[in-house]
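Have a look at query-v7.cif below; it lists mmCIF, C-alpha atoms and all ligand atoms.
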data_entry
#
loop_
_atom_site.group_PDB
_atom_site.id
_atom_site.type_symbol
_atom_site.label_atom_id
_atom_site.label_comp_id
_atom_site.auth_asym_id
_atom_site.auth_seq_id
_atom_site.Cartn_x
_atom_site.Cartn_y
_atom_site.Cartn_z
ATOM 1 C CA MET Z 16 16.531 21.453 -1.514
ATOM 2 C CA VAL Z 17 16.198 18.528 0.862
ATOM 3 C CA ASP Z 18 19.561 16.830 1.335
ATOM 4 C CA GLY Z 19 18.610 13.311 0.267
ATOM 5 C CA GLU Z 20 22.075 11.960 0.914
ATOM 6 C CA ARG Z 21 21.988 12.943 4.577
ATOM 7 C CA PHE Z 22 18.536 11.437 5.053
ATOM 8 C CA TYR Z 23 19.840 8.245 3.482
ATOM 9 C CA GLU Z 24 22.897 8.125 5.763
ATOM 10 C CA ALA Z 25 20.725 8.772 8.817
ATOM 11 C CA LEU Z 26 18.237 6.042 7.855
ATOM 12 C CA LEU Z 27 21.056 3.629 7.116
ATOM 13 C CA GLN Z 28 22.496 4.318 10.575
ATOM 14 C CA GLY Z 29 19.011 3.909 12.003
ATOM 15 C CA SER Z 30 19.555 7.150 13.852
ATOM 16 C CA VAL Z 31 16.256 8.487 15.175
ATOM 17 C CA ASP Z 32 17.990 11.593 16.560
ATOM 18 C CA GLU Z 33 19.638 12.442 13.258
ATOM 19 C CA VAL Z 34 16.461 11.888 11.223
ATOM 20 C CA GLU Z 35 14.518 14.070 13.665
ATOM 21 C CA ARG Z 36 17.158 16.766 13.427
ATOM 22 C CA LEU Z 37 17.324 16.680 9.610
ATOM 23 C CA THR Z 38 13.543 16.743 9.359
ATOM 24 C CA GLN Z 39 13.241 19.685 11.725
ATOM 25 C CA ASP Z 40 16.041 21.528 9.898
ATOM 26 C CA ALA Z 41 14.243 20.973 6.595
ATOM 27 C CA ILE Z 42 10.991 22.336 8.043
ATOM 28 C CA ASP Z 43 12.853 25.356 9.444
ATOM 29 C CA ALA Z 44 14.397 25.916 6.010
ATOM 30 C CA GLY Z 45 10.887 26.126 4.549
ATOM 31 C CA GLU Z 46 10.796 22.764 2.811
ATOM 32 C CA THR Z 47 7.316 21.369 2.115
ATOM 33 C CA PHE Z 48 5.750 18.220 3.497
ATOM 34 C CA GLU Z 49 5.940 16.631 0.024
ATOM 35 C CA SER Z 50 9.604 17.383 -0.554
ATOM 36 C CA ILE Z 51 10.679 16.156 2.883
ATOM 37 C CA LEU Z 52 8.652 12.992 2.461
ATOM 38 C CA ASN Z 53 9.442 12.256 -1.198
ATOM 39 C CA ASP Z 54 13.000 13.546 -1.630
ATOM 40 C CA GLY Z 55 14.120 12.895 1.936
ATOM 41 C CA LEU Z 56 12.470 9.992 3.737
ATOM 42 C CA MET Z 57 10.971 7.922 0.914
ATOM 43 C CA ALA Z 58 13.937 8.310 -1.429
ATOM 44 C CA ALA Z 59 16.172 7.139 1.409
ATOM 45 C CA MET Z 60 13.931 4.149 2.140
ATOM 46 C CA ASP Z 61 14.014 3.194 -1.561
ATOM 47 C CA ARG Z 62 17.793 3.075 -1.399
ATOM 48 C CA ILE Z 63 17.623 1.012 1.801
ATOM 49 C CA GLY Z 64 15.377 -1.371 -0.169
ATOM 50 C CA VAL Z 65 18.027 -1.767 -2.861
ATOM 51 C CA LYS Z 66 20.718 -2.512 -0.287
ATOM 52 C CA PHE Z 67 18.409 -5.006 1.396
ATOM 53 C CA LYS Z 68 17.711 -6.710 -1.913
ATOM 54 C CA ASN Z 69 21.434 -6.941 -2.637
ATOM 55 C CA GLU Z 70 21.972 -8.425 0.812
ATOM 56 C CA GLU Z 71 24.294 -5.611 1.804
ATOM 57 C CA ILE Z 72 22.087 -5.020 4.837
ATOM 58 C CA TYR Z 73 19.676 -7.298 6.715
ATOM 59 C CA ILE Z 74 16.366 -7.181 8.557
ATOM 60 C CA PRO Z 75 17.672 -5.553 11.788
ATOM 61 C CA GLU Z 76 19.083 -2.601 9.802
ATOM 62 C CA VAL Z 77 15.870 -2.274 7.792
ATOM 63 C CA LEU Z 78 13.851 -2.308 11.012
ATOM 64 C CA ARG Z 79 16.035 0.430 12.479
ATOM 65 C CA ALA Z 80 15.654 2.440 9.272
ATOM 66 C CA ALA Z 81 11.876 1.970 9.452
ATOM 67 C CA ARG Z 82 11.846 3.204 13.049
ATOM 68 C CA ALA Z 83 13.908 6.247 12.106
ATOM 69 C CA MET Z 84 11.599 6.932 9.162
ATOM 70 C CA ARG Z 85 8.573 6.811 11.470
ATOM 71 C CA ALA Z 86 10.234 9.411 13.699
ATOM 72 C CA GLY Z 87 10.677 11.717 10.695
ATOM 73 C CA VAL Z 88 7.104 11.200 9.528
ATOM 74 C CA ALA Z 89 5.840 12.071 13.022
ATOM 75 C CA ILE Z 90 7.618 15.412 12.791
ATOM 76 C CA ILE Z 91 6.216 16.380 9.369
ATOM 77 C CA LYS Z 92 2.698 15.159 10.174
ATOM 78 C CA PRO Z 93 1.623 18.518 11.669
ATOM 79 C CA LEU Z 94 2.472 20.170 8.333
ATOM 80 C CA LEU Z 95 -0.459 18.380 6.745
ATOM 81 C CA PRO Z 96 -3.595 20.486 6.716
ATOM 82 C CA SER Z 97 -5.961 18.936 9.249
ATOM 83 C CA SER Z 98 -9.396 18.060 8.003
ATOM 84 C CA THR Z 99 -12.245 20.463 8.562
ATOM 85 C CA GLY Z 100 -14.280 18.022 10.607
ATOM 86 C CA SER Z 101 -16.907 17.263 7.977
ATOM 87 C CA SER Z 102 -16.473 13.590 7.256
ATOM 88 C CA MET Z 103 -15.735 12.462 3.713
ATOM 89 C CA GLY Z 104 -16.588 8.892 4.683
ATOM 90 C CA LYS Z 105 -15.334 5.956 6.692
ATOM 91 C CA VAL Z 106 -12.382 3.818 5.658
ATOM 92 C CA VAL Z 107 -11.250 0.517 7.107
ATOM 93 C CA ILE Z 108 -7.630 -0.194 6.200
ATOM 94 C CA GLY Z 109 -4.963 -2.766 6.949
ATOM 95 C CA THR Z 110 -2.037 -4.770 5.644
ATOM 96 C CA VAL Z 111 -3.185 -8.203 4.521
ATOM 97 C CA LYS Z 112 -2.578 -11.515 6.286
ATOM 98 C CA GLY Z 113 1.033 -12.681 6.300
ATOM 99 C CA ASP Z 114 2.404 -9.219 5.594
ATOM 100 C CA LEU Z 115 4.054 -7.012 8.222
ATOM 101 C CA HIS Z 116 4.936 -3.965 6.104
ATOM 102 C CA ASP Z 117 3.151 -0.872 7.346
ATOM 103 C CA ILE Z 118 5.166 2.233 6.498
ATOM 104 C CA GLY Z 119 3.278 2.893 3.256
ATOM 105 C CA LYS Z 120 -0.083 1.954 4.761
ATOM 106 C CA ASN Z 121 0.532 4.357 7.654
ATOM 107 C CA LEU Z 122 1.214 7.159 5.176
ATOM 108 C CA VAL Z 123 -2.046 6.367 3.413
ATOM 109 C CA VAL Z 124 -3.849 6.528 6.791
ATOM 110 C CA MET Z 125 -2.268 9.891 7.531
ATOM 111 C CA MET Z 126 -3.239 11.355 4.148
ATOM 112 C CA LEU Z 127 -6.784 9.996 4.303
ATOM 113 C CA GLU Z 128 -7.267 11.496 7.765
ATOM 114 C CA SER Z 129 -5.907 14.785 6.566
ATOM 115 C CA GLY Z 130 -8.289 14.535 3.599
ATOM 116 C CA GLY Z 131 -11.269 14.320 5.946
ATOM 117 C CA PHE Z 132 -11.865 10.579 6.148
ATOM 118 C CA LYS Z 133 -12.508 8.742 9.392
ATOM 119 C CA VAL Z 134 -10.025 5.892 9.308
ATOM 120 C CA PHE Z 135 -10.111 2.608 11.208
ATOM 121 C CA ASP Z 136 -6.613 1.192 10.967
ATOM 122 C CA LEU Z 137 -6.537 -2.558 11.647
ATOM 123 C CA GLY Z 138 -2.734 -2.721 11.557
ATOM 124 C CA VAL Z 139 -0.720 -5.483 9.904
ATOM 125 C CA ASP Z 140 -1.245 -9.202 9.253
ATOM 126 C CA VAL Z 141 -4.995 -8.650 9.130
ATOM 127 C CA SER Z 142 -7.183 -11.683 8.519
ATOM 128 C CA ILE Z 143 -10.014 -11.637 6.017
ATOM 129 C CA GLU Z 144 -12.529 -12.124 8.841
ATOM 130 C CA LYS Z 145 -11.186 -9.078 10.654
ATOM 131 C CA PHE Z 146 -11.578 -6.902 7.531
ATOM 132 C CA ILE Z 147 -15.161 -8.039 7.052
ATOM 133 C CA GLU Z 148 -16.077 -7.618 10.693
ATOM 134 C CA ALA Z 149 -14.621 -4.094 10.741
ATOM 135 C CA VAL Z 150 -16.457 -3.045 7.555
ATOM 136 C CA GLN Z 151 -19.722 -4.239 9.098
ATOM 137 C CA THR Z 152 -19.126 -2.794 12.559
ATOM 138 C CA HIS Z 153 -18.064 0.638 11.326
ATOM 139 C CA GLN Z 154 -20.355 0.713 8.293
ATOM 140 C CA ALA Z 155 -17.343 1.720 6.217
ATOM 141 C CA GLN Z 156 -17.816 2.914 2.647
ATOM 142 C CA VAL Z 157 -14.217 2.124 1.684
ATOM 143 C CA VAL Z 158 -11.833 -0.679 2.557
ATOM 144 C CA GLY Z 159 -8.124 -0.260 1.842
ATOM 145 C CA LEU Z 160 -5.822 -3.261 1.476
ATOM 146 C CA SER Z 161 -2.058 -2.931 1.542
ATOM 147 C CA ALA Z 162 0.495 -5.601 0.567
ATOM 148 C CA LEU Z 163 4.227 -5.391 -0.105
ATOM 149 C CA LEU Z 164 5.051 -8.978 -0.920
ATOM 150 C CA THR Z 165 4.417 -10.881 -4.142
ATOM 151 C CA THR Z 166 3.498 -13.766 -1.862
ATOM 152 C CA THR Z 167 0.733 -11.815 -0.090
ATOM 153 C CA ILE Z 168 -0.929 -9.823 -2.863
ATOM 154 C CA MET Z 169 -3.211 -12.766 -3.617
ATOM 155 C CA GLU Z 170 -4.679 -12.242 -0.138
ATOM 156 C CA MET Z 171 -6.264 -9.149 -1.667
ATOM 157 C CA LYS Z 172 -8.140 -11.312 -4.157
ATOM 158 C CA HIS Z 173 -9.248 -13.667 -1.401
ATOM 159 C CA THR Z 174 -10.413 -10.736 0.717
ATOM 160 C CA LEU Z 175 -12.463 -9.404 -2.192
ATOM 161 C CA GLU Z 176 -14.027 -12.814 -2.715
ATOM 162 C CA ALA Z 177 -14.913 -13.042 0.970
ATOM 163 C CA ILE Z 178 -16.444 -9.540 0.897
ATOM 164 C CA GLU Z 179 -18.594 -10.715 -2.007
ATOM 165 C CA GLU Z 180 -19.585 -13.886 -0.156
ATOM 166 C CA ALA Z 181 -20.463 -11.903 2.959
ATOM 167 C CA GLY Z 182 -22.999 -10.004 0.823
ATOM 168 C CA ILE Z 183 -21.449 -6.577 1.464
ATOM 169 C CA ARG Z 184 -19.672 -6.034 -1.863
ATOM 170 C CA LYS Z 185 -22.197 -3.396 -2.990
ATOM 171 C CA GLN Z 186 -21.823 -1.422 0.241
ATOM 172 C CA VAL Z 187 -18.082 -0.967 0.105
ATOM 173 C CA LYS Z 188 -15.493 0.264 -2.382
ATOM 174 C CA VAL Z 189 -12.240 -1.662 -2.278
ATOM 175 C CA ILE Z 190 -8.984 0.153 -2.925
ATOM 176 C CA ILE Z 191 -5.618 -1.552 -2.989
ATOM 177 C CA GLY Z 192 -1.972 -0.558 -2.999
ATOM 178 C CA GLY Z 193 1.609 -1.441 -2.102
ATOM 179 C CA ALA Z 194 4.789 -1.650 -4.164
ATOM 180 C CA PRO Z 195 4.018 -4.876 -6.113
ATOM 181 C CA VAL Z 196 0.407 -3.842 -6.838
ATOM 182 C CA THR Z 197 -0.473 -2.449 -10.263
ATOM 183 C CA GLU Z 198 -3.526 -0.956 -11.896
ATOM 184 C CA LYS Z 199 -3.725 -4.069 -14.054
ATOM 185 C CA PHE Z 200 -3.686 -6.374 -11.020
ATOM 186 C CA ALA Z 201 -6.395 -4.261 -9.375
ATOM 187 C CA LYS Z 202 -8.605 -4.669 -12.449
ATOM 188 C CA GLU Z 203 -7.902 -8.397 -12.650
ATOM 189 C CA ILE Z 204 -9.056 -9.069 -9.101
ATOM 190 C CA GLY Z 205 -12.024 -6.705 -9.369
ATOM 191 C CA ALA Z 206 -10.917 -3.981 -6.946
ATOM 192 C CA ASP Z 207 -12.609 -0.587 -7.386
ATOM 193 C CA GLY Z 208 -9.460 1.470 -7.162
ATOM 194 C CA TYR Z 209 -5.690 1.461 -7.015
ATOM 195 C CA ALA Z 210 -3.224 4.181 -6.139
ATOM 196 C CA PRO Z 211 0.562 4.122 -6.414
ATOM 197 C CA ASN Z 212 1.016 6.517 -3.502
ATOM 198 C CA ALA Z 213 -0.666 7.943 -0.450
ATOM 199 C CA ALA Z 214 -1.625 11.296 -1.953
ATOM 200 C CA LEU Z 215 -3.382 9.639 -4.898
ATOM 201 C CA ALA Z 216 -5.089 7.178 -2.549
ATOM 202 C CA VAL Z 217 -7.088 10.101 -1.183
ATOM 203 C CA ASP Z 218 -8.148 11.200 -4.683
ATOM 204 C CA VAL Z 219 -9.163 7.664 -5.599
ATOM 205 C CA ALA Z 220 -11.247 7.256 -2.422
ATOM 206 C CA ARG Z 221 -12.911 10.634 -2.999
ATOM 207 C CA ASP Z 222 -13.686 9.886 -6.641
ATOM 208 C CA LEU Z 223 -15.155 6.499 -5.835
ATOM 209 C CA LEU Z 224 -17.480 7.936 -3.209
ATOM 210 C CA SER Z 225 -18.584 10.831 -5.362
ATOM 211 C CA GLU Z 226 -19.354 8.434 -8.236
ATOM 212 C CA ASP Z 227 -21.683 6.688 -5.843
ATOM 213 C CA ASN Z 228 -23.736 9.757 -4.984
HETATM 214 C C1 LIG Z 301 10.922 -1.663 5.310
HETATM 215 C C2 LIG Z 301 10.892 -3.035 4.683
HETATM 216 C C3 LIG Z 301 10.735 -4.145 5.548
HETATM 217 C C4 LIG Z 301 10.527 -3.990 7.060
HETATM 218 C C5 LIG Z 301 9.071 -3.543 7.309
HETATM 219 C C6 LIG Z 301 8.944 -2.600 8.476
HETATM 220 C C7 LIG Z 301 7.588 -1.946 8.512
HETATM 221 N N1 LIG Z 301 7.184 -1.617 9.720
HETATM 222 O O1 LIG Z 301 6.918 -1.740 7.512
HETATM 223 C C8 LIG Z 301 10.848 -5.429 7.564
HETATM 224 C C9 LIG Z 301 12.293 -5.499 7.976
HETATM 225 C C10 LIG Z 301 9.958 -5.929 8.713
HETATM 226 C C11 LIG Z 301 10.656 -6.257 6.299
HETATM 227 C C12 LIG Z 301 10.488 -7.610 6.314
HETATM 228 C C13 LIG Z 301 10.422 -8.404 5.171
HETATM 229 N N2 LIG Z 301 10.588 -7.975 3.896
HETATM 230 CO CO1 LIG Z 301 10.577 -6.168 3.416
HETATM 231 N N3 LIG Z 301 10.965 -4.388 2.704
HETATM 232 C C14 LIG Z 301 11.017 -3.213 3.275
HETATM 233 C C15 LIG Z 301 11.412 -2.151 2.206
HETATM 234 C C16 LIG Z 301 12.896 -1.897 2.334
HETATM 235 C C17 LIG Z 301 10.684 -0.827 2.249
HETATM 236 C C18 LIG Z 301 9.163 -0.887 2.220
HETATM 237 C C19 LIG Z 301 8.616 0.495 2.519
HETATM 238 O O2 LIG Z 301 8.281 0.798 3.648
HETATM 239 N N4 LIG Z 301 8.629 1.390 1.499
HETATM 240 C C20 LIG Z 301 8.244 2.794 1.671
HETATM 241 C C21 LIG Z 301 6.741 2.974 1.562
HETATM 242 C C22 LIG Z 301 6.382 4.441 1.771
HETATM 243 O O3 LIG Z 301 6.328 2.602 0.267
HETATM 244 P P1 LIG Z 301 5.147 1.560 -0.012
HETATM 245 O O4 LIG Z 301 5.051 0.584 1.095
HETATM 246 O O5 LIG Z 301 5.245 1.058 -1.402
HETATM 247 O O6 LIG Z 301 3.799 2.435 0.112
HETATM 248 C C23 LIG Z 301 3.382 3.441 -0.809
HETATM 249 C C24 LIG Z 301 2.537 2.894 -1.968
HETATM 250 O O7 LIG Z 301 2.807 1.548 -2.290
HETATM 251 C C25 LIG Z 301 1.120 3.149 -1.574
HETATM 252 N N5 LIG Z 301 0.384 2.169 -0.743
HETATM 253 C C26 LIG Z 301 0.817 1.325 0.202
HETATM 254 N N6 LIG Z 301 -0.189 0.684 0.788
HETATM 255 C C27 LIG Z 301 -1.318 1.117 0.214
HETATM 256 C C28 LIG Z 301 -2.658 0.777 0.445
HETATM 257 C C29 LIG Z 301 -3.649 1.387 -0.319
HETATM 258 C C30 LIG Z 301 -5.072 1.036 -0.057
HETATM 259 C C31 LIG Z 301 -3.292 2.321 -1.322
HETATM 260 C C32 LIG Z 301 -4.350 2.919 -2.162
HETATM 261 C C33 LIG Z 301 -1.959 2.679 -1.543
HETATM 262 C C34 LIG Z 301 -0.979 2.079 -0.775
HETATM 263 O O8 LIG Z 301 1.217 4.355 -0.846
HETATM 264 C C35 LIG Z 301 2.404 4.313 -0.042
HETATM 265 C C36 LIG Z 301 2.866 5.707 0.260
HETATM 266 O O9 LIG Z 301 3.068 6.514 -0.873
HETATM 267 C C37 LIG Z 301 11.022 -2.905 0.895
HETATM 268 C C38 LIG Z 301 11.752 -2.451 -0.365
HETATM 269 C C39 LIG Z 301 10.910 -1.566 -1.237
HETATM 270 N N7 LIG Z 301 11.570 -0.779 -2.022
HETATM 271 O O10 LIG Z 301 9.687 -1.585 -1.213
HETATM 272 C C40 LIG Z 301 11.279 -4.354 1.289
HETATM 273 C C41 LIG Z 301 10.527 -5.488 0.576
HETATM 274 C C42 LIG Z 301 9.072 -5.149 0.365
HETATM 275 N N8 LIG Z 301 10.633 -6.592 1.541
HETATM 276 C C43 LIG Z 301 10.873 -7.738 0.987
HETATM 277 C C44 LIG Z 301 11.033 -8.967 1.680
HETATM 278 C C45 LIG Z 301 11.436 -10.172 0.852
HETATM 279 C C46 LIG Z 301 10.820 -9.050 3.077
HETATM 280 C C47 LIG Z 301 10.902 -10.334 3.930
HETATM 281 C C48 LIG Z 301 10.231 -11.576 3.315
HETATM 282 C C49 LIG Z 301 12.385 -10.576 4.241
HETATM 283 C C50 LIG Z 301 12.696 -11.886 4.935
HETATM 284 N N9 LIG Z 301 13.526 -12.660 4.275
HETATM 285 O O11 LIG Z 301 12.185 -12.189 5.978
HETATM 286 C C51 LIG Z 301 10.218 -9.879 5.237
HETATM 287 C C52 LIG Z 301 8.714 -10.208 5.229
HETATM 288 C C53 LIG Z 301 8.018 -9.906 6.528
HETATM 289 C C54 LIG Z 301 6.520 -10.005 6.383
HETATM 290 N N10 LIG Z 301 5.950 -11.153 6.656
HETATM 291 O O12 LIG Z 301 5.898 -9.046 5.972
HETATM 292 C C55 LIG Z 301 10.939 -7.629 -0.534
HETATM 293 C C56 LIG Z 301 9.672 -8.162 -1.229
HETATM 294 C C57 LIG Z 301 10.019 -8.945 -2.470
HETATM 295 C C58 LIG Z 301 8.816 -9.507 -3.111
HETATM 296 N N11 LIG Z 301 8.870 -9.514 -4.412
HETATM 297 O O13 LIG Z 301 7.861 -9.943 -2.526
HETATM 298 C C59 LIG Z 301 11.217 -6.097 -0.720
HETATM 299 C C60 LIG Z 301 10.665 -5.512 -2.044
HETATM 300 C C61 LIG Z 301 12.752 -5.915 -0.657
HETATM 301 C C62 LIG Z 301 13.477 -6.592 -1.807
HETATM 302 N N12 LIG Z 301 13.689 -5.911 -2.886
HETATM 303 O O14 LIG Z 301 13.833 -7.723 -1.727
HETATM 304 N N13 LIG Z 301 10.723 -5.456 5.190
#
Show the structure stored in the file as structure tokens.
Ligand code: B12
Amino acid sequence: MVDGERFYEALLQGSVDEVERLTQDAIDAGETFESILNDGLMAAMDRIGVKFKNEEIYIPEVLRAARAMRAGVAIIKPLLPSSTGSSMGKVVIGTVKGDLHDIGKNLVVMMLESGGFKVFDLGVDVSIEKFIEAVQTHQAQVVGLSALLTTTIMEMKHTLEAIEEAGIRKQVKVIIGGAPVTEKFAKEIGADGYAPNAALAVDVARDLLSEDN
């Protein structure tokens, strides 16, 4: 069993060293990628989120926790099976304008790459124009939009509208995600797919592309 409490303490301290050590210990003990990620790192980050919401900790602590989490993710990344080389398709992904959250989006990138997709990660605070330009330049079949704030999820709707206006809506499947995003919201704004987590994001992207063929 992954010791969730220790991961939480290490993230709360923002201790990169401790998170790296705990992650390596868990790997050595035979824990799987999923259990280290879900029961260790993500469960700890959820608890950090609660403390942040309750104003028991502030942005600097959350940033340190995020940095420590990234260090842990980097260590488990090699446990993911690497793709066979045959490309499943091209995905352009980013966090929408006004939003700087990227931990979840980065996990989606990692899983998609492991699932055989070629991913063009545009980073955070990505403008609508940048999404459209990247879809056109890379001839992407999928675009992934991430948003973590109730104030930025409407950017997803605006991005979809702009994709439509640019005349490329038929070329590209739009998938969306992030904590405040729901299946219902995805339907409302006309997205093609939604996934609540990174592993399911890969299934959704695969299903959408196979529907197309
Ligand atoms: C870490 C964090 C930060 C860090 C971000 C660091 C970073 N590099 O990402 C920092 C400190 C910068 C930050 C800042 C802010 N934050 Co903040 N943050 C969080 C926190 C604690 C964790 C988010 C996270 O990483 N979760 C872990 C990941 C793995 O989960 P995830 O993002 O949901 O991703 C998964 C799925 O959603 C899905 N997914 C994600 N993206 C995509 C995309 C696609 C295409 C698909 C298919 C799936 C998918 O797969 C992922 C993996 O399984 C959350 C609390 C929470 N519980 O969410 C608050 C939270 C999101 N933040 C919040 C707030 C208010 C802010 C600030 C406005 C605070 C402030 N007063 O300034 C700023 C905004 C900055 C900005 N403009 O973006 C609020 C949002 C409230 C709301 N209703 O909008 C939250 C919910 C905290 C709270 N409860 O109050 N934050």
| Cut-off 7 Å around (-10.4, -2.9, -3.9) with all atoms listed in the file: residues as a list of chain:residue names |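 Residues close enough to count: Z:Val158, Z:Gly159, Z:Lys188, Z:Val189, Z:Ile190, Z:Ile191, Z:Ala201, Z:Gly205, Z:Ala206, Z:Asp207, Z:Gly208.
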| message | One number please: CA of Met125 in chain Z to CA of Val107 in chain Z, in Å, one decimal. | response |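 So the answer is 13.0 Å.
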| message | Evaluated on this file, the PyMOL selection byres (((chain Z and resi 163-165) around 7) and not hetatm) picks out some residues - which ones are they, written as a list in words? | response |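 Checking the PyMOL selection byres (((chain Z and resi 163-165) around 7) and not hetatm) against this file, the residues are His116, Ser161, Ala162, Thr166, Thr167, Ile168, Gly193, Ala194 and Pro195 of chain Z.
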| request: Rank nothing, just name the residue among Z:Lys68, Z:Lys185, Z:Arg36, Z:His173 nearest to ligand LIG 301 (chain Z), using only C-alpha atoms and all ligand atoms. | output: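 Looking at the shortest contact to ligand LIG 301 (chain Z), the residue is Z:Lys68.
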Applying the PyMOL selection byres (((chain Z and resi 16-27) around 10) and not hetatm) to the file I just gave you, which residues come out? Please list them as a PDB file with C-alpha atoms, in the coordinates of the input.
ATOM      1  CA  GLN Z  28      22.496   4.318  10.575  1.00  0.00           C
ATOM      2  CA  GLY Z  29      19.011   3.909  12.003  1.00  0.00           C
ATOM      3  CA  SER Z  30      19.555   7.150  13.852  1.00  0.00           C
ATOM      4  CA  VAL Z  31      16.256   8.487  15.175  1.00  0.00           C
ATOM      5  CA  ASP Z  32      17.990  11.593  16.560  1.00  0.00           C
ATOM      6  CA  GLU Z  33      19.638  12.442  13.258  1.00  0.00           C
ATOM      7  CA  VAL Z  34      16.461  11.888  11.223  1.00  0.00           C
ATOM      8  CA  GLU Z  35      14.518  14.070  13.665  1.00  0.00           C
ATOM      9  CA  ARG Z  36      17.158  16.766  13.427  1.00  0.00           C
ATOM     10  CA  LEU Z  37      17.324  16.680   9.610  1.00  0.00           C
ATOM     11  CA  THR Z  38      13.543  16.743   9.359  1.00  0.00           C
ATOM     12  CA  ASP Z  40      16.041  21.528   9.898  1.00  0.00           C
ATOM     13  CA  ALA Z  41      14.243  20.973   6.595  1.00  0.00           C
ATOM     14  CA  ILE Z  42      10.991  22.336   8.043  1.00  0.00           C
ATOM     15  CA  ALA Z  44      14.397  25.916   6.010  1.00  0.00           C
ATOM     16  CA  GLY Z  45      10.887  26.126   4.549  1.00  0.00           C
ATOM     17  CA  GLU Z  46      10.796  22.764   2.811  1.00  0.00           C
ATOM     18  CA  THR Z  47       7.316  21.369   2.115  1.00  0.00           C
ATOM     19  CA  SER Z  50       9.604  17.383  -0.554  1.00  0.00           C
ATOM     20  CA  ILE Z  51      10.679  16.156   2.883  1.00  0.00           C
ATOM     21  CA  LEU Z  52       8.652  12.992   2.461  1.00  0.00           C
ATOM     22  CA  ASN Z  53       9.442  12.256  -1.198  1.00  0.00           C
ATOM     23  CA  ASP Z  54      13.000  13.546  -1.630  1.00  0.00           C
ATOM     24  CA  GLY Z  55      14.120  12.895   1.936  1.00  0.00           C
ATOM     25  CA  LEU Z  56      12.470   9.992   3.737  1.00  0.00           C
ATOM     26  CA  MET Z  57      10.971   7.922   0.914  1.00  0.00           C
ATOM     27  CA  ALA Z  58      13.937   8.310  -1.429  1.00  0.00           C
ATOM     28  CA  ALA Z  59      16.172   7.139   1.409  1.00  0.00           C
ATOM     29  CA  MET Z  60      13.931   4.149   2.140  1.00  0.00           C
ATOM     30  CA  ASP Z  61      14.014   3.194  -1.561  1.00  0.00           C
ATOM     31  CA  ARG Z  62      17.793   3.075  -1.399  1.00  0.00           C
ATOM     32  CA  ILE Z  63      17.623   1.012   1.801  1.00  0.00           C
ATOM     33  CA  LYS Z  66      20.718  -2.512  -0.287  1.00  0.00           C
ATOM     34  CA  ILE Z  72      22.087  -5.020   4.837  1.00  0.00           C
ATOM     35  CA  GLU Z  76      19.083  -2.601   9.802  1.00  0.00           C
ATOM     36  CA  VAL Z  77      15.870  -2.274   7.792  1.00  0.00           C
ATOM     37  CA  LEU Z  78      13.851  -2.308  11.012  1.00  0.00           C
ATOM     38  CA  ARG Z  79      16.035   0.430  12.479  1.00  0.00           C
ATOM     39  CA  ALA Z  80      15.654   2.440   9.272  1.00  0.00           C
ATOM     40  CA  ALA Z  81      11.876   1.970   9.452  1.00  0.00           C
ATOM     41  CA  ARG Z  82      11.846   3.204  13.049  1.00  0.00           C
ATOM     42  CA  ALA Z  83      13.908   6.247  12.106  1.00  0.00           C
ATOM     43  CA  MET Z  84      11.599   6.932   9.162  1.00  0.00           C
ATOM     44  CA  GLY Z  87      10.677  11.717  10.695  1.00  0.00           C
TER      45      GLY Z  87
END
| the PyMOL selection byres (((chain Z and resi 212) around 9) and not hetatm) applied to the shown file, residues as a list in words |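 Residues picked by the PyMOL selection byres (((chain Z and resi 212) around 9) and not hetatm): Gly119, Leu122, Val123, Gly192, Gly193, Ala210, Pro211, Ala213, Ala214, Leu215 and Ala216 of chain Z.
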| request: Would you mind reading off the distance between CA of Gln156 in chain Z and CA of Ile91 in chain Z, one decimal, in Å? | output: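 Value for the CA of Gln156 in chain Z-CA of Ile91 in chain Z distance: 28.4 Å.
If only C-alpha atoms and all ligand atoms are the atoms counted, then among Z:Phe48, Z:Phe200, Z:Phe132, Z:Tyr73 the closest residue to ligand LIG 301 (chain Z) is Z:Tyr73.
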Let me have the centre and edge lengths of the axis-aligned box enclosing all listed atoms of range 29-34 of chain Z with 4 Å padding on every side, in Å to one decimal, as AutoDock Vina command-line options.
--center_x 17.9 --center_y 8.2 --center_z 13.9 --size_x 11.4 --size_y 16.5 --size_z 13.3
